[in-house]
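Enquirer: Here it is, the structure in full.
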Amino acid sequence: MNKIFGRVCSALTAAALLAGALTACGGQQAGTAATPDSGSGTTGSAFTEGTSAERLAADTTPEEEKYGGTMRLNFNGATNSLDPAQFFTNQNYVPGYHIYESPVQVADDGSVWPGVCTYEMSDDNLQLTLTVREGVKFHNGDTVDINDVVASIDRFLAYSTTGQANFGDYIVDTQVTDNSTVVYTLSAVAPIALLTIGELKGGCKVMPAEIAQAHMDSYITDDSEIVGTGPYMLESWNRETDLTLTRFEDYVPVPDDIAGTGPAAPRHAYFDKIYCSVASDQTARANGMIGNVFDYSTSILTAMAPQLENAGCWSDKDWNGWSPTIIFNLSDANSNRIVQDVNFRRAVRACLDADSILLSTKTDPTQYEVDGCPMMPSSPYYNDILNQNMGQDLEKAKEYLEASGYNGETIRWWCADSDSYYTTALPASENLKAIGVNVELSLMDVTTYEASYNDPNCADFDICCRETQKSYLHPLLSQFVSGYLLWDSPERTEIIERLGSTAAGSEESIQAFTDFCTLLDDQVPYIILGDFGTVCWYSANMIPDRQGVDMYWWNSYFKAA
């Protein structure tokens, strides 16, 4: 067995990823998280891209003085679940991955490190051994044992199609050897099994075995059952308005000598509490920052930047792959609707003015890029195939519409009552009306919207809007490739099987993704509009310490006065 208590491989360059060789590191490979060159832009006189890293590097606050205070952030919609099986939106998974941790952790460069468990991969990559780190505790005071990990993985595989495809389908034997160790025997090399288990948002989250086993076919709704091992635990939760996380005093971080960087670095929980509230309006978010109600916010009107700066707030921009998307309901339950016709979907794509749609949300052209690829530009998988038909062409749109046989029926367009969904849906639906499509735009509360979208038997809508994060690591970690419930086909299944059975970054894997994009371009089950550069606003004393594309706060702090 090869000990892998440190990073899976050294930080891989894109060239190394393209080589795609499965090594004794367990076959886990990933690209680097380089930032696309999209221009620095401005949101006010003092805006400079890269400010967060510069402030962190320059701060001299002593370690012992970093602890304390309540960090206050806001979401544009309510947190409707803290069950890892329902981590579909940032309102759910951001507080969720402060509460829960994974068996292993993925660093900001894609390397894999210990989490709740250390791990070993055999020389032939067919046996994965997980061993619970000594002394790791749950928020209820119980010590974690391997049965908790196994039950959590079982539940993860029951709910995650990605987890099942990338890990579960390979398992031929599971042997618990003692209270701390399990050995999974695989039928073949699973190229991204560890990435899938350890990915921050969508990976397996460890919970007590009795809770996991009780909810193999039901969601967790009782607050007393929201129990993880993370640096913060749930203190209170008012479903429609706010929730509070408090530091878990018995938290056992990964030791420095077996820790990675970014999300895989040791977690300190500097804040006493993290308070998350709902502020769905851009002006309300800005006023909250100006009035010292919030310490962090995004999606603030560009015109209010000078007022924020005058109040001592500062900003930075993250190119984190968030991508507004228009999705067609192609489920069997909706089989009698015109959206099932590919020419209708092509008509929708041809009528869209992606640039103006994205501008309606961001209001600043330096904060977005039109780009239809499901992978971030920093990834070796990236290609331009889906940009070929992104330009608005109303005449072609009308030709496609006529070929579809559209007869004037009303298209039911749903969107959640959060600003980014609505500001995508409103101009896009007007584009459809310009070619003669009757559109009924319905604004739904987030809870109803998410429940309907994730119900394969729902036939109440034809089109919806979502905002989903692209991946730079591997296509199967992107919901654009593996996570959509409303589109399936034999061709898609065959491509996903190739992506899951070939070495990450190999020529075969990249060709499979190229074939996926070609199929996506031809069938148009959904339309990715572009990438958002998120301008993040911070209160004067906030020092954010997070790397990569994910928004986590356990190592951020308030600098000493």
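Residue numbering restarts at 1 in every chain; chains get A, B, ... in the order shown in the structure tokens, and ligands count up from 1 in that same order.
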Name the residues in contact with Gln282 of chain A at a cut-off of 7 Å, using only C-alpha atoms, excluding same-chain residues fewer than 5 positions from it; report them as a PDB file with N, CA, C and O atoms, in the first residue's frame.
Expert:
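Below is the file that was written, selection_23.pdb:
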```
ATOM      1  N   SER A 299     -23.338  40.927  -5.097  1.00  0.00           N
ATOM      2  CA  SER A 299     -24.466  41.385  -5.918  1.00  0.00           C
ATOM      3  C   SER A 299     -25.012  42.720  -5.433  1.00  0.00           C
ATOM      4  O   SER A 299     -26.199  42.862  -5.130  1.00  0.00           O
ATOM      5  N   ILE A 300     -24.115  43.695  -5.361  1.00  0.00           N
ATOM      6  CA  ILE A 300     -24.487  45.053  -4.953  1.00  0.00           C
ATOM      7  C   ILE A 300     -24.395  45.969  -6.164  1.00  0.00           C
ATOM      8  O   ILE A 300     -23.494  45.834  -6.994  1.00  0.00           O
ATOM      9  N   LEU A 301     -25.320  46.889  -6.276  1.00  0.00           N
ATOM     10  CA  LEU A 301     -25.345  47.797  -7.419  1.00  0.00           C
ATOM     11  C   LEU A 301     -24.028  48.557  -7.544  1.00  0.00           C
ATOM     12  O   LEU A 301     -23.529  49.145  -6.577  1.00  0.00           O
TER      13      LEU A 301
END
```
Enquirer: Counting only C-alpha atoms, what is within 12 Å of Thr143 of chain A, bar same-chain residues fewer than 3 positions away, as a PyMOL selection string?
Expert: chain A and resi 116+132-140+146-149+179-180+207-209+228-229+250-252
Enquirer: Closest to Phe532 of chain A among A:Asn166, A:Asn320, A:Gln105, A:Ser218, using only C-alpha atoms?
Expert: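 Answer, going by the shortest atom-to-atom distance: A:Asn320.
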Enquirer: Write down as a list of chain:residue names the residues belonging to segment 318-358 of chain A that are assigned strand (DSSP E) by DSSP computed on the backbone.
Expert: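 Of segment 318-358 of chain A, the ones in strand (DSSP E) are A:Asp318, A:Trp319, A:Asn320, A:Gly321, A:Trp322, A:Ser323, A:Pro324, A:Thr325, A:Ile326, A:Ile327, A:Phe328.
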Enquirer: Any idea what's packed within 7 Å of Phe344 of chain A, counting only C-alpha atoms, ignoring anything in its chain fewer than 5 positions away? Could you give it as a ChimeraX atom specification?
Expert: /A:338-339,400-401,404
Enquirer: Kindly save the residues from that selection, with C-alpha atoms included, as a PDB file, in the first residue's frame.
Expert:
```pdb
ATOM      1  CA  ILE A 338     -43.152  21.965 -27.401  1.00  0.00           C
ATOM      2  CA  VAL A 339     -39.876  22.291 -25.464  1.00  0.00           C
ATOM      3  CA  TYR A 400     -36.189  27.215 -36.177  1.00  0.00           C
ATOM      4  CA  LEU A 401     -39.486  28.242 -34.564  1.00  0.00           C
ATOM      5  CA  SER A 404     -40.684  23.208 -34.644  1.00  0.00           C
TER       6      SER A 404
END
```
Enquirer: Pick the closest to Asp545 of chain A from A:Leu485, A:Leu358, A:Val206, A:Ala265: which is it, counting only C-alpha atoms?
Expert: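 Smallest distance to Asp545 of chain A is found for A:Ala265.
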Enquirer: Would you please work out which residue, of A:Arg412, A:Thr129, A:Glu210, A:Glu199, is nearest to Val176 of chain A when using only C-alpha atoms?
Expert: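 Checking each candidate against Val176 of chain A, we get A:Thr129 as the closest.
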Enquirer: Looking only at alpha helix (DSSP H) from DSSP on the backbone, list the matching residues of segment 186-315 of chain A as JSON, numbers by chain.
Expert: {"A": [193, 194, 195, 196, 197, 198, 209, 210, 211, 212, 213, 214, 282, 283, 284, 285, 286, 287, 288, 289, 290, 305, 306, 307, 308, 309, 310]}
Enquirer: Find the spatial neighbours of Glu450 of chain A, counting only C-alpha atoms, within a cut-off of 10 Å - ignore same-chain residues fewer than 3 positions away - and output them as a count of residues only.
Expert: 14
Enquirer: Applying 12 Å and only C-alpha atoms, which residues near Arg546 of chain A remain after dropping the ones on its own chain fewer than 5 positions away? List them as a ChimeraX atom specification.
Expert: /A:52-53,56,107-108,261-267,318,551-557
Enquirer: Using only C-alpha atoms, what does the table of segment 453-473 of chain A residues within 10 Å of segment 321-324 of chain A look like, with each row giving the shortest atom pair and its distance in Å to one decimal, sorted by chain and ascending number, as a Markdown table?
Expert:
```
| residue | atom | partner | partner_atom | distance |
| --- | --- | --- | --- | --- |
| A:Cys465 | CA | A:Pro324 | CA | 7.1 |
| A:Arg466 | CA | A:Pro324 | CA | 5.8 |
| A:Glu467 | CA | A:Pro324 | CA | 4.2 |
| A:Thr468 | CA | A:Ser323 | CA | 5.4 |
| A:Gln469 | CA | A:Trp322 | CA | 4.2 |
| A:Lys470 | CA | A:Gly321 | CA | 4.9 |
| A:Ser471 | CA | A:Gly321 | CA | 7.1 |
| A:Tyr472 | CA | A:Gly321 | CA | 8.5 |
```
Enquirer: Using the selection just defined, write its residues with C-alpha atoms as a short mmCIF file (atom, residue, chain, number, x, y, z; two decimals), in the first residue's frame.
Expert:
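File selection-v8.cif, as written:
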```
data_model
loop_
_atom_site.label_atom_id
_atom_site.label_comp_id
_atom_site.auth_asym_id
_atom_site.auth_seq_id
_atom_site.Cartn_x
_atom_site.Cartn_y
_atom_site.Cartn_z
CA CYS A 465 -33.44 29.62 -14.77
CA ARG A 466 -30.62 28.46 -12.55
CA GLU A 467 -27.18 29.67 -11.56
CA THR A 468 -24.73 26.78 -11.35
CA GLN A 469 -21.00 26.79 -10.71
CA LYS A 470 -18.67 25.46 -13.36
CA SER A 471 -15.79 23.17 -12.42
CA TYR A 472 -12.12 23.49 -13.28
#
```
Enquirer: Which residues are near segment 92-101 of chain A? Cut-off 6 Å, only C-alpha atoms, ignore same chain within fewer than 6 positions. Put them as a PDB file with N, CA, C and O atoms, in the first residue's frame.
Expert:
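That gives us around-v1.pdb:
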```
ATOM      1  N   THR A  79     -32.223  29.813   3.391  1.00  0.00           N
ATOM      2  CA  THR A  79     -31.700  28.450   3.508  1.00  0.00           C
ATOM      3  C   THR A  79     -32.880  27.520   3.766  1.00  0.00           C
ATOM      4  O   THR A  79     -33.551  27.632   4.784  1.00  0.00           O
ATOM      5  N   SER A  81     -32.671  24.023   3.486  1.00  0.00           N
ATOM      6  CA  SER A  81     -32.273  22.705   3.968  1.00  0.00           C
ATOM      7  C   SER A  81     -30.815  22.743   4.404  1.00  0.00           C
ATOM      8  O   SER A  81     -29.989  23.417   3.780  1.00  0.00           O
ATOM      9  N   LEU A  82     -30.508  22.002   5.451  1.00  0.00           N
ATOM     10  CA  LEU A  82     -29.119  21.775   5.858  1.00  0.00           C
ATOM     11  C   LEU A  82     -28.792  20.284   5.785  1.00  0.00           C
ATOM     12  O   LEU A  82     -27.867  19.810   6.434  1.00  0.00           O
ATOM     13  N   LYS A 205     -20.684  13.937   3.123  1.00  0.00           N
ATOM     14  CA  LYS A 205     -20.569  14.629   4.408  1.00  0.00           C
ATOM     15  C   LYS A 205     -20.816  13.632   5.538  1.00  0.00           C
ATOM     16  O   LYS A 205     -21.824  12.920   5.530  1.00  0.00           O
ATOM     17  N   VAL A 206     -19.912  13.597   6.504  1.00  0.00           N
ATOM     18  CA  VAL A 206     -19.969  12.601   7.568  1.00  0.00           C
ATOM     19  C   VAL A 206     -20.937  13.040   8.657  1.00  0.00           C
ATOM     20  O   VAL A 206     -20.858  14.161   9.162  1.00  0.00           O
ATOM     21  N   GLY A 228     -22.712  17.307  12.515  1.00  0.00           N
ATOM     22  CA  GLY A 228     -21.523  16.994  11.745  1.00  0.00           C
ATOM     23  C   GLY A 228     -20.284  17.026  12.606  1.00  0.00           C
ATOM     24  O   GLY A 228     -20.367  16.970  13.845  1.00  0.00           O
ATOM     25  N   THR A 229     -19.132  17.146  11.959  1.00  0.00           N
ATOM     26  CA  THR A 229     -17.848  17.210  12.668  1.00  0.00           C
ATOM     27  C   THR A 229     -17.136  18.531  12.434  1.00  0.00           C
ATOM     28  O   THR A 229     -15.997  18.711  12.848  1.00  0.00           O
ATOM     29  N   GLY A 230     -17.783  19.461  11.736  1.00  0.00           N
ATOM     30  CA  GLY A 230     -17.106  20.655  11.260  1.00  0.00           C
ATOM     31  C   GLY A 230     -16.761  21.659  12.340  1.00  0.00           C
ATOM     32  O   GLY A 230     -17.148  21.521  13.509  1.00  0.00           O
ATOM     33  N   TYR A 232     -17.896  24.547  12.868  1.00  0.00           N
ATOM     34  CA  TYR A 232     -19.056  25.269  13.388  1.00  0.00           C
ATOM     35  C   TYR A 232     -20.243  24.318  13.484  1.00  0.00           C
ATOM     36  O   TYR A 232     -20.362  23.363  12.718  1.00  0.00           O
ATOM     37  N   MET A 233     -21.110  24.601  14.432  1.00  0.00           N
ATOM     38  CA  MET A 233     -22.318  23.804  14.624  1.00  0.00           C
ATOM     39  C   MET A 233     -23.529  24.723  14.597  1.00  0.00           C
ATOM     40  O   MET A 233     -23.430  25.931  14.834  1.00  0.00           O
TER      41      MET A 233
END
```
Enquirer: Between A:Tyr421, A:Tyr296, A:Tyr219, A:Tyr159, which residue has the minimum interatomic distance to Leu73 of chain A, considering only C-alpha atoms?
Expert: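 Among the listed residues, A:Tyr296 lies closest to Leu73 of chain A.
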Enquirer: Please identify all polymer residues within 6 Å of Ala397 of chain A, counting only C-alpha atoms, omitting same-chain residues fewer than 2 positions from it, and present them as a PyMOL selection string.
Expert: chain A and resi 347+350-351+394-395+399-400
Enquirer: Could you check how far atom CA of Glu249 of chain A sits from atom CA of Glu235 of chain A, in Å to one decimal?
Expert: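 Separation between atom CA of Glu249 of chain A and atom CA of Glu235 of chain A: 13.0 Å.
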Enquirer: Could you tell me how far atom CA of Ser482 of chain A sits from atom CA of Ser160 of chain A, in Å to one decimal place?
Expert: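 Atom CA of Ser482 of chain A lies at a distance of 10.0 Å from atom CA of Ser160 of chain A.
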Enquirer: So, counting only C-alpha atoms, which residue among A:Gly505, A:Thr185, A:Thr534, A:Ala560 is closest to Thr302 of chain A?
Expert: A:Thr534
Enquirer: Name the closest residue to Gly202 of chain A among the candidates A:Glu402, A:Asp83, A:Glu240, A:Asp355; distances are taken between atoms, counting only C-alpha atoms.
Expert: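 Looking at the shortest contact to Gly202 of chain A, the residue is A:Asp83.
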